[in-house]
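*Asks:* Take a look at query_30.cif, mmCIF, C-alpha atoms and all ligand atoms; chains and numbers go by the auth columns:
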data_final
loop_
_atom_site.group_PDB
_atom_site.id
_atom_site.type_symbol
_atom_site.label_atom_id
_atom_site.label_comp_id
_atom_site.label_asym_id
_atom_site.label_seq_id
_atom_site.Cartn_x
_atom_site.Cartn_y
_atom_site.Cartn_z
_atom_site.B_iso_or_equiv
_atom_site.auth_seq_id
_atom_site.auth_asym_id
ATOM 1 C CA MET A 1 -7.161 2.674 17.558 0.00 1 A
ATOM 2 C CA ASP A 2 -9.718 5.182 16.386 0.00 2 A
ATOM 3 C CA THR A 3 -12.899 4.095 14.649 0.00 3 A
ATOM 4 C CA LYS A 4 -13.636 7.123 12.490 0.00 4 A
ATOM 5 C CA THR A 5 -13.806 6.522 8.787 0.00 5 A
ATOM 6 C CA THR A 6 -11.751 8.943 6.755 0.00 6 A
ATOM 7 C CA ALA A 7 -12.487 7.708 3.268 0.00 7 A
ATOM 8 C CA SER A 8 -13.678 4.540 1.661 0.00 8 A
ATOM 9 C CA LEU A 9 -13.925 2.897 -1.706 0.00 9 A
ATOM 10 C CA VAL A 10 -15.559 -0.196 -3.162 0.00 10 A
ATOM 11 C CA ALA A 11 -13.388 -2.474 -5.295 0.00 11 A
ATOM 12 C CA PRO A 12 -14.827 -4.156 -8.409 0.00 12 A
ATOM 13 C CA GLY A 13 -17.040 -7.091 -7.439 0.00 13 A
ATOM 14 C CA ALA A 14 -17.781 -5.822 -3.935 0.00 14 A
ATOM 15 C CA GLU A 15 -20.742 -3.598 -4.784 0.00 15 A
ATOM 16 C CA GLY A 16 -23.804 -4.078 -2.549 0.00 16 A
ATOM 17 C CA LEU A 17 -22.167 -6.329 0.032 0.00 17 A
ATOM 18 C CA PRO A 18 -23.438 -6.067 3.620 0.00 18 A
ATOM 19 C CA GLU A 19 -21.477 -4.003 6.133 0.00 19 A
ATOM 20 C CA ARG A 20 -18.479 -5.961 7.469 0.00 20 A
ATOM 21 C CA ALA A 21 -16.063 -5.176 10.278 0.00 21 A
ATOM 22 C CA PRO A 22 -12.764 -4.109 8.767 0.00 22 A
ATOM 23 C CA VAL A 23 -9.526 -6.052 9.012 0.00 23 A
ATOM 24 C CA HIS A 24 -6.782 -3.603 10.005 0.00 24 A
ATOM 25 C CA VAL A 25 -3.726 -3.501 7.764 0.00 25 A
ATOM 26 C CA ALA A 26 -0.459 -1.620 8.352 0.00 26 A
ATOM 27 C CA VAL A 27 1.087 -0.349 5.124 0.00 27 A
ATOM 28 C CA GLY A 28 4.474 1.273 4.589 0.00 28 A
ATOM 29 C CA VAL A 29 5.095 4.022 2.051 0.00 29 A
ATOM 30 C CA LEU A 30 8.888 3.874 1.871 0.00 30 A
ATOM 31 C CA ILE A 31 10.162 7.072 0.321 0.00 31 A
ATOM 32 C CA GLU A 32 13.646 8.181 -0.716 0.00 32 A
ATOM 33 C CA ARG A 33 14.578 11.733 0.308 0.00 33 A
ATOM 34 C CA ASP A 34 17.358 13.905 -1.036 0.00 34 A
ATOM 35 C CA ALA A 35 19.736 15.962 1.084 0.00 35 A
ATOM 36 C CA ASP A 36 17.191 18.807 1.173 0.00 36 A
ATOM 37 C CA GLY A 37 14.452 16.500 2.421 0.00 37 A
ATOM 38 C CA HIS A 38 12.525 16.461 -0.842 0.00 38 A
ATOM 39 C CA GLU A 39 10.553 13.267 -1.274 0.00 39 A
ATOM 40 C CA GLY A 40 11.401 11.209 -4.342 0.00 40 A
ATOM 41 C CA ARG A 41 10.895 7.619 -5.434 0.00 41 A
ATOM 42 C CA PHE A 42 8.658 5.281 -3.437 0.00 42 A
ATOM 43 C CA LEU A 43 8.667 1.496 -3.178 0.00 43 A
ATOM 44 C CA LEU A 44 6.006 -0.782 -4.598 0.00 44 A
ATOM 45 C CA THR A 45 5.983 -4.563 -4.326 0.00 45 A
ATOM 46 C CA SER A 46 3.962 -7.102 -6.273 0.00 46 A
ATOM 47 C CA ARG A 47 1.587 -9.383 -4.397 0.00 47 A
ATOM 48 C CA PRO A 48 2.922 -12.940 -4.199 0.00 48 A
ATOM 49 C CA GLU A 49 1.409 -15.959 -5.926 0.00 49 A
ATOM 50 C CA GLY A 50 -1.238 -17.651 -3.818 0.00 50 A
ATOM 51 C CA LYS A 51 -2.613 -14.433 -2.304 0.00 51 A
ATOM 52 C CA VAL A 52 -5.720 -12.617 -3.483 0.00 52 A
ATOM 53 C CA TYR A 53 -4.849 -10.135 -6.234 0.00 53 A
ATOM 54 C CA ALA A 54 -1.582 -12.016 -6.927 0.00 54 A
ATOM 55 C CA GLY A 55 0.666 -10.000 -9.224 0.00 55 A
ATOM 56 C CA TYR A 56 -0.966 -6.646 -8.402 0.00 56 A
ATOM 57 C CA TRP A 57 1.337 -3.876 -7.196 0.00 57 A
ATOM 58 C CA GLU A 58 0.901 -2.390 -3.734 0.00 58 A
ATOM 59 C CA PHE A 59 2.776 -0.770 -0.895 0.00 59 A
ATOM 60 C CA PRO A 60 4.305 -3.454 1.366 0.00 60 A
ATOM 61 C CA GLY A 61 2.538 -4.320 4.612 0.00 61 A
ATOM 62 C CA GLY A 62 0.092 -6.734 6.159 0.00 62 A
ATOM 63 C CA LYS A 63 -2.595 -7.407 8.709 0.00 63 A
ATOM 64 C CA LEU A 64 -2.294 -6.486 12.358 0.00 64 A
ATOM 65 C CA GLU A 65 -2.055 -9.436 14.706 0.00 65 A
ATOM 66 C CA ALA A 66 -3.942 -9.444 18.006 0.00 66 A
ATOM 67 C CA GLY A 67 -2.618 -6.802 20.399 0.00 67 A
ATOM 68 C CA GLU A 68 -0.326 -5.135 17.869 0.00 68 A
ATOM 69 C CA SER A 69 -0.200 -1.428 17.104 0.00 69 A
ATOM 70 C CA VAL A 70 0.010 -0.260 13.494 0.00 70 A
ATOM 71 C CA GLU A 71 3.693 0.555 13.943 0.00 71 A
ATOM 72 C CA GLN A 72 4.480 -2.818 15.518 0.00 72 A
ATOM 73 C CA ALA A 73 2.675 -4.653 12.726 0.00 73 A
ATOM 74 C CA LEU A 74 4.444 -2.603 10.064 0.00 74 A
ATOM 75 C CA ARG A 75 7.845 -3.261 11.614 0.00 75 A
ATOM 76 C CA ARG A 76 7.143 -7.005 11.761 0.00 76 A
ATOM 77 C CA GLU A 77 5.641 -7.272 8.278 0.00 77 A
ATOM 78 C CA LEU A 78 8.406 -5.344 6.533 0.00 78 A
ATOM 79 C CA HIS A 79 11.013 -7.448 8.287 0.00 79 A
ATOM 80 C CA GLU A 80 9.230 -10.701 7.425 0.00 80 A
ATOM 81 C CA GLU A 81 8.315 -9.831 3.857 0.00 81 A
ATOM 82 C CA ILE A 82 11.105 -7.626 2.517 0.00 82 A
ATOM 83 C CA GLY A 83 13.902 -8.132 5.034 0.00 83 A
ATOM 84 C CA ILE A 84 14.438 -4.575 6.276 0.00 84 A
ATOM 85 C CA ASP A 85 14.292 -2.975 9.730 0.00 85 A
ATOM 86 C CA ILE A 86 12.466 0.331 9.661 0.00 86 A
ATOM 87 C CA GLY A 87 13.117 3.459 11.695 0.00 87 A
ATOM 88 C CA ALA A 88 10.214 5.744 12.565 0.00 88 A
ATOM 89 C CA ALA A 89 6.835 5.065 10.950 0.00 89 A
ATOM 90 C CA HIS A 90 4.941 8.328 10.417 0.00 90 A
ATOM 91 C CA ALA A 91 1.160 7.779 10.485 0.00 91 A
ATOM 92 C CA TRP A 92 -0.103 9.446 7.314 0.00 92 A
ATOM 93 C CA ARG A 93 -3.556 8.530 5.910 0.00 93 A
ATOM 94 C CA GLU A 94 -6.245 5.884 6.313 0.00 94 A
ATOM 95 C CA ILE A 95 -8.841 4.464 4.000 0.00 95 A
ATOM 96 C CA GLU A 96 -11.331 1.610 4.113 0.00 96 A
ATOM 97 C CA VAL A 97 -11.675 -0.593 1.048 0.00 97 A
ATOM 98 C CA ASP A 98 -14.422 -3.125 0.402 0.00 98 A
ATOM 99 C CA TYR A 99 -13.132 -6.111 -1.531 0.00 99 A
ATOM 100 C CA PRO A 100 -15.156 -9.202 -2.353 0.00 100 A
ATOM 101 C CA HIS A 101 -12.942 -11.154 0.103 0.00 101 A
ATOM 102 C CA ALA A 102 -12.916 -8.632 2.984 0.00 102 A
ATOM 103 C CA ARG A 103 -13.313 -5.063 4.111 0.00 103 A
ATOM 104 C CA VAL A 104 -9.916 -3.661 5.081 0.00 104 A
ATOM 105 C CA ARG A 105 -8.894 -0.512 6.886 0.00 105 A
ATOM 106 C CA LEU A 106 -5.519 0.514 5.524 0.00 106 A
ATOM 107 C CA HIS A 107 -3.255 2.502 7.842 0.00 107 A
ATOM 108 C CA PHE A 108 -0.627 4.105 5.625 0.00 108 A
ATOM 109 C CA CYS A 109 2.608 5.224 7.259 0.00 109 A
ATOM 110 C CA LYS A 110 5.444 7.075 5.608 0.00 110 A
ATOM 111 C CA VAL A 111 8.872 5.602 6.285 0.00 111 A
ATOM 112 C CA PHE A 112 12.096 7.424 5.408 0.00 112 A
ATOM 113 C CA ASP A 113 14.692 5.383 7.294 0.00 113 A
ATOM 114 C CA TRP A 114 15.470 1.722 7.238 0.00 114 A
ATOM 115 C CA THR A 115 18.437 -0.613 7.514 0.00 115 A
ATOM 116 C CA GLY A 116 19.243 -3.939 5.903 0.00 116 A
ATOM 117 C CA GLU A 117 19.232 -5.292 2.388 0.00 117 A
ATOM 118 C CA PHE A 118 15.961 -5.684 0.566 0.00 118 A
ATOM 119 C CA GLN A 119 15.103 -9.367 0.255 0.00 119 A
ATOM 120 C CA MET A 120 11.870 -10.416 -1.373 0.00 120 A
ATOM 121 C CA ARG A 121 11.126 -13.239 1.043 0.00 121 A
ATOM 122 C CA GLU A 122 7.796 -14.150 -0.530 0.00 122 A
ATOM 123 C CA ALA A 123 9.133 -14.162 -4.096 0.00 123 A
ATOM 124 C CA GLN A 124 7.552 -10.788 -4.785 0.00 124 A
ATOM 125 C CA THR A 125 9.098 -8.200 -7.062 0.00 125 A
ATOM 126 C CA MET A 126 10.030 -4.694 -5.920 0.00 126 A
ATOM 127 C CA ALA A 127 10.157 -1.493 -7.915 0.00 127 A
ATOM 128 C CA TRP A 128 11.130 2.049 -6.958 0.00 128 A
ATOM 129 C CA GLN A 129 8.626 4.266 -8.710 0.00 129 A
ATOM 130 C CA GLU A 130 7.798 7.881 -9.458 0.00 130 A
ATOM 131 C CA LEU A 131 4.528 9.347 -10.732 0.00 131 A
ATOM 132 C CA PRO A 132 3.099 8.151 -13.014 0.00 132 A
ATOM 133 C CA VAL A 133 3.676 4.624 -11.768 0.00 133 A
ATOM 134 C CA GLU A 134 4.749 2.371 -14.630 0.00 134 A
ATOM 135 C CA VAL A 135 4.327 -1.081 -13.097 0.00 135 A
ATOM 136 C CA MET A 136 0.890 -2.555 -13.557 0.00 136 A
ATOM 137 C CA PRO A 137 -1.717 -3.424 -12.562 0.00 137 A
ATOM 138 C CA VAL A 138 -1.895 -1.563 -9.258 0.00 138 A
ATOM 139 C CA LEU A 139 -4.194 -2.779 -6.486 0.00 139 A
ATOM 140 C CA PRO A 140 -7.457 -0.798 -6.135 0.00 140 A
ATOM 141 C CA GLY A 141 -6.494 0.169 -2.580 0.00 141 A
ATOM 142 C CA THR A 142 -3.201 1.592 -3.838 0.00 142 A
ATOM 143 C CA ILE A 143 -4.729 4.089 -6.264 0.00 143 A
ATOM 144 C CA PRO A 144 -5.876 6.622 -3.618 0.00 144 A
ATOM 145 C CA VAL A 145 -2.353 6.677 -2.207 0.00 145 A
ATOM 146 C CA LEU A 146 -0.984 7.630 -5.608 0.00 146 A
ATOM 147 C CA GLN A 147 -3.546 10.439 -5.707 0.00 147 A
ATOM 148 C CA TRP A 148 -2.461 11.684 -2.277 0.00 148 A
ATOM 149 C CA LEU A 149 1.161 11.648 -3.410 0.00 149 A
ATOM 150 C CA ALA A 150 0.184 13.489 -6.589 0.00 150 A
ATOM 151 C CA GLU A 151 -1.546 16.199 -4.516 0.00 151 A
ATOM 152 C CA GLU A 152 1.467 16.583 -2.243 0.00 152 A
ATOM 153 C CA ARG A 153 3.818 16.794 -5.211 0.00 153 A
ATOM 154 C CA ALA A 154 1.575 18.953 -7.401 0.00 154 A
ATOM 155 C CA HIS A 155 1.800 16.200 -10.012 0.00 155 A
ATOM 156 C CA ALA A 156 -0.677 16.767 -12.853 0.00 156 A
ATOM 157 C CA GLY A 157 -1.941 14.016 -15.144 0.00 157 A
ATOM 158 C CA ALA A 158 -2.017 10.259 -14.801 0.00 158 A
ATOM 159 C CA THR A 159 -0.953 8.683 -11.505 0.00 159 A
ATOM 160 C CA HIS A 160 -0.472 5.227 -13.036 0.00 160 A
ATOM 161 C CA LEU A 161 -0.625 3.385 -16.332 0.00 161 A
ATOM 162 C CA GLN A 162 -3.400 0.917 -17.112 0.00 162 A
ATOM 163 C CA PRO A 163 -2.885 -2.626 -18.444 0.00 163 A
ATOM 164 C CA SER A 164 -5.362 -2.044 -21.290 0.00 164 A
ATOM 165 C CA ALA A 165 -4.357 -0.552 -24.607 0.00 165 A
ATOM 166 C CA GLY A 166 -6.235 2.613 -23.655 0.00 166 A
ATOM 167 C CA PRO A 167 -4.696 5.935 -22.698 0.00 167 A
ATOM 168 C CA PRO A 168 -3.277 6.518 -19.194 0.00 168 A
ATOM 169 C CA GLN A 169 -5.914 7.295 -16.578 0.00 169 A
ATOM 170 C CA ALA A 170 -5.911 10.124 -14.098 0.00 170 A
ATOM 171 C CA GLY A 171 -6.561 8.630 -10.650 0.00 171 A
HETATM 172 N N1 LIG B . -0.013 -4.674 1.932 0.00 201 B
HETATM 173 C C1 LIG B . -0.977 -3.986 1.346 0.00 201 B
HETATM 174 N N2 LIG B . -2.237 -4.435 1.373 0.00 201 B
HETATM 175 C C2 LIG B . -3.159 -3.700 0.747 0.00 201 B
HETATM 176 C C3 LIG B . -2.834 -2.481 0.092 0.00 201 B
HETATM 177 N N3 LIG B . -3.963 -1.959 -0.456 0.00 201 B
HETATM 178 C C4 LIG B . -4.967 -2.831 -0.161 0.00 201 B
HETATM 179 O O1 LIG B . -6.116 -2.703 -0.490 0.00 201 B
HETATM 180 N N4 LIG B . -4.477 -3.897 0.585 0.00 201 B
HETATM 181 C C5 LIG B . -5.288 -5.022 1.052 0.00 201 B
HETATM 182 O O2 LIG B . -5.043 -5.257 2.423 0.00 201 B
HETATM 183 C C6 LIG B . -5.027 -6.647 2.693 0.00 201 B
HETATM 184 C C7 LIG B . -3.649 -7.016 3.209 0.00 201 B
HETATM 185 O O3 LIG B . -3.564 -8.358 3.324 0.00 201 B
HETATM 186 P P1 LIG B . -2.240 -9.196 3.041 0.00 201 B
HETATM 187 O O4 LIG B . -2.690 -10.477 2.452 0.00 201 B
HETATM 188 O O5 LIG B . -1.245 -8.410 2.276 0.00 201 B
HETATM 189 O O6 LIG B . -1.742 -9.312 4.515 0.00 201 B
HETATM 190 P P2 LIG B . -0.809 -10.402 5.181 0.00 201 B
HETATM 191 O O7 LIG B . 0.559 -10.272 4.575 0.00 201 B
HETATM 192 O O8 LIG B . -0.961 -10.212 6.650 0.00 201 B
HETATM 193 O O9 LIG B . -1.473 -11.722 4.635 0.00 201 B
HETATM 194 P P3 LIG B . -1.572 -13.170 5.165 0.00 201 B
HETATM 195 O O10 LIG B . -2.879 -13.209 5.897 0.00 201 B
HETATM 196 O O11 LIG B . -1.611 -13.948 3.880 0.00 201 B
HETATM 197 O O12 LIG B . -0.363 -13.400 6.011 0.00 201 B
HETATM 198 C C8 LIG B . -5.378 -7.363 1.401 0.00 201 B
HETATM 199 O O13 LIG B . -6.776 -7.558 1.336 0.00 201 B
HETATM 200 C C9 LIG B . -4.954 -6.324 0.358 0.00 201 B
HETATM 201 O O14 LIG B . -5.711 -6.496 -0.835 0.00 201 B
HETATM 202 C C10 LIG B . -1.503 -2.025 0.063 0.00 201 B
HETATM 203 O O15 LIG B . -1.126 -0.975 -0.511 0.00 201 B
HETATM 204 N N5 LIG B . -0.617 -2.816 0.705 0.00 201 B
#
Here is a file; write its structure as structure tokens.

*Replies:*
Amino acid sequence: MDTKTTASLVAPGAEGLPERAPVHVAVGVLIERDADGHEGRFLLTSRPEGKVYAGYWEFPGGKLEAGESVEQALRRELHEEIGIDIGAAHAWREIEVDYPHARVRLHFCKVFDWTGEFQMREAQTMAWQELPVEVMPVLPGTIPVLQWLAEERAHAGATHLQPSAGPPQAG
């Protein structure tokens, strides 16, 4: 696993914390494609009760266990959490996020093929979304991914809606 840092962000409440070794997390960006290969809707899931940021929307995934590769962890997590078996996982982007509870290095992989029925095995909720994302709130570490998707898709304007009464935010 490489150690270079591609990008990083600090979540609210984690400002000024000392440097911490990151926990590695494998995250799947499941994307529907049409017959021409154009990328369409993507899957978000809500974080289950009892976890930090419960109720926030994210891309499904979880922490690497000892000795696992990103792809192995992703395959295991998506099977355990949402009941599907994925085909190829295409390494896409990485980012480190400082949260009050931990520093995480998120390894995002695009996934276009899977088998099995979606089952929310941790009582999460799932939602196929387009830009701008309408479920809310989204996890801080999810927002950069929406920006990357917006760049790829030449999507202008807000990437997601905010829970407040204010206007939609870009980014
Ligand atoms: N799955 C996932 N985690 C994310 C995303 N963005 C992001 O910052 N994270 C962070 O990465 C970490 C993943 O931990 P997790 O609690 O989901 O992992 P896990 O399923 O292995 O948890 P467990 O230790 O309770 O079994 C959390 O700190 C979460 O806030 C994302 O898009 N998907």

*Asks:* Choose the residue, out of A:Glu71, A:Glu58, A:Glu151, A:Glu15, that has the smallest atom-to-atom separation from Val111 in chain A; count only C-alpha atoms.

*Replies:*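 Closest to Val111 in chain A of all the choices is A:Glu71.
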
*Asks:* Taking all atoms of ligand LIG 201 (chain B) that appear in the file, build a box with edges along x, y and z, extend it by 8 Å on every side, and state its centre and edge lengths in Å to one decimal, as JSON.

*Replies:*
{"center_x": -3.1, "center_y": -7.5, "center_z": 2.9, "size_x": 23.3, "size_y": 29.0, "size_z": 23.5}

*Asks:* So which one's closest to Gly28 in chain A, A:Arg75, A:Lys51, A:Arg105, A:Lys110? Using all atoms listed in the file, please.

*Replies:*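 Among the listed residues, the smallest separation from Gly28 in chain A belongs to A:Lys110.
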
*Asks:* Could you list, as a PyMOL selection string, all the residues within 6 Å of ligand LIG 201 (chain B), counting all atoms listed in the file?

*Replies:* chain A and resi 25+27+58-63+104+141-142

*Asks:* Closest to Val29 in chain A among A:Ala154, A:Leu44, A:Ala88, A:Leu131, using only C-alpha atoms?

*Replies:*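 Once distances to Val29 in chain A are computed over only C-alpha atoms, the minimum belongs to A:Leu44.
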
*Asks:* Rounded to one decimal place, report the CA of Phe118 in chain A-CA of Ile82 in chain A distance in Å.

*Replies:*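 About the pair CA of Phe118 in chain A and CA of Ile82 in chain A: they are 5.6 Å apart.
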
*Asks:* Please write as a list in words the list of polymer residues whose atoms come within 12 Å of (3.6, 6.3, 11.0), counting all atoms listed in the file and keeping to the coordinates of the file.

*Replies:* Ala26, Val27, Gly28, Val29, Leu30, Ser69, Val70, Glu71, Gln72, Ala73, Leu74, Arg75, Ile86, Gly87, Ala88, Ala89, His90, Ala91, Trp92, Arg93, Glu94, His107, Phe108, Cys109, Lys110, Val111, Phe112 and Asp113 of chain A
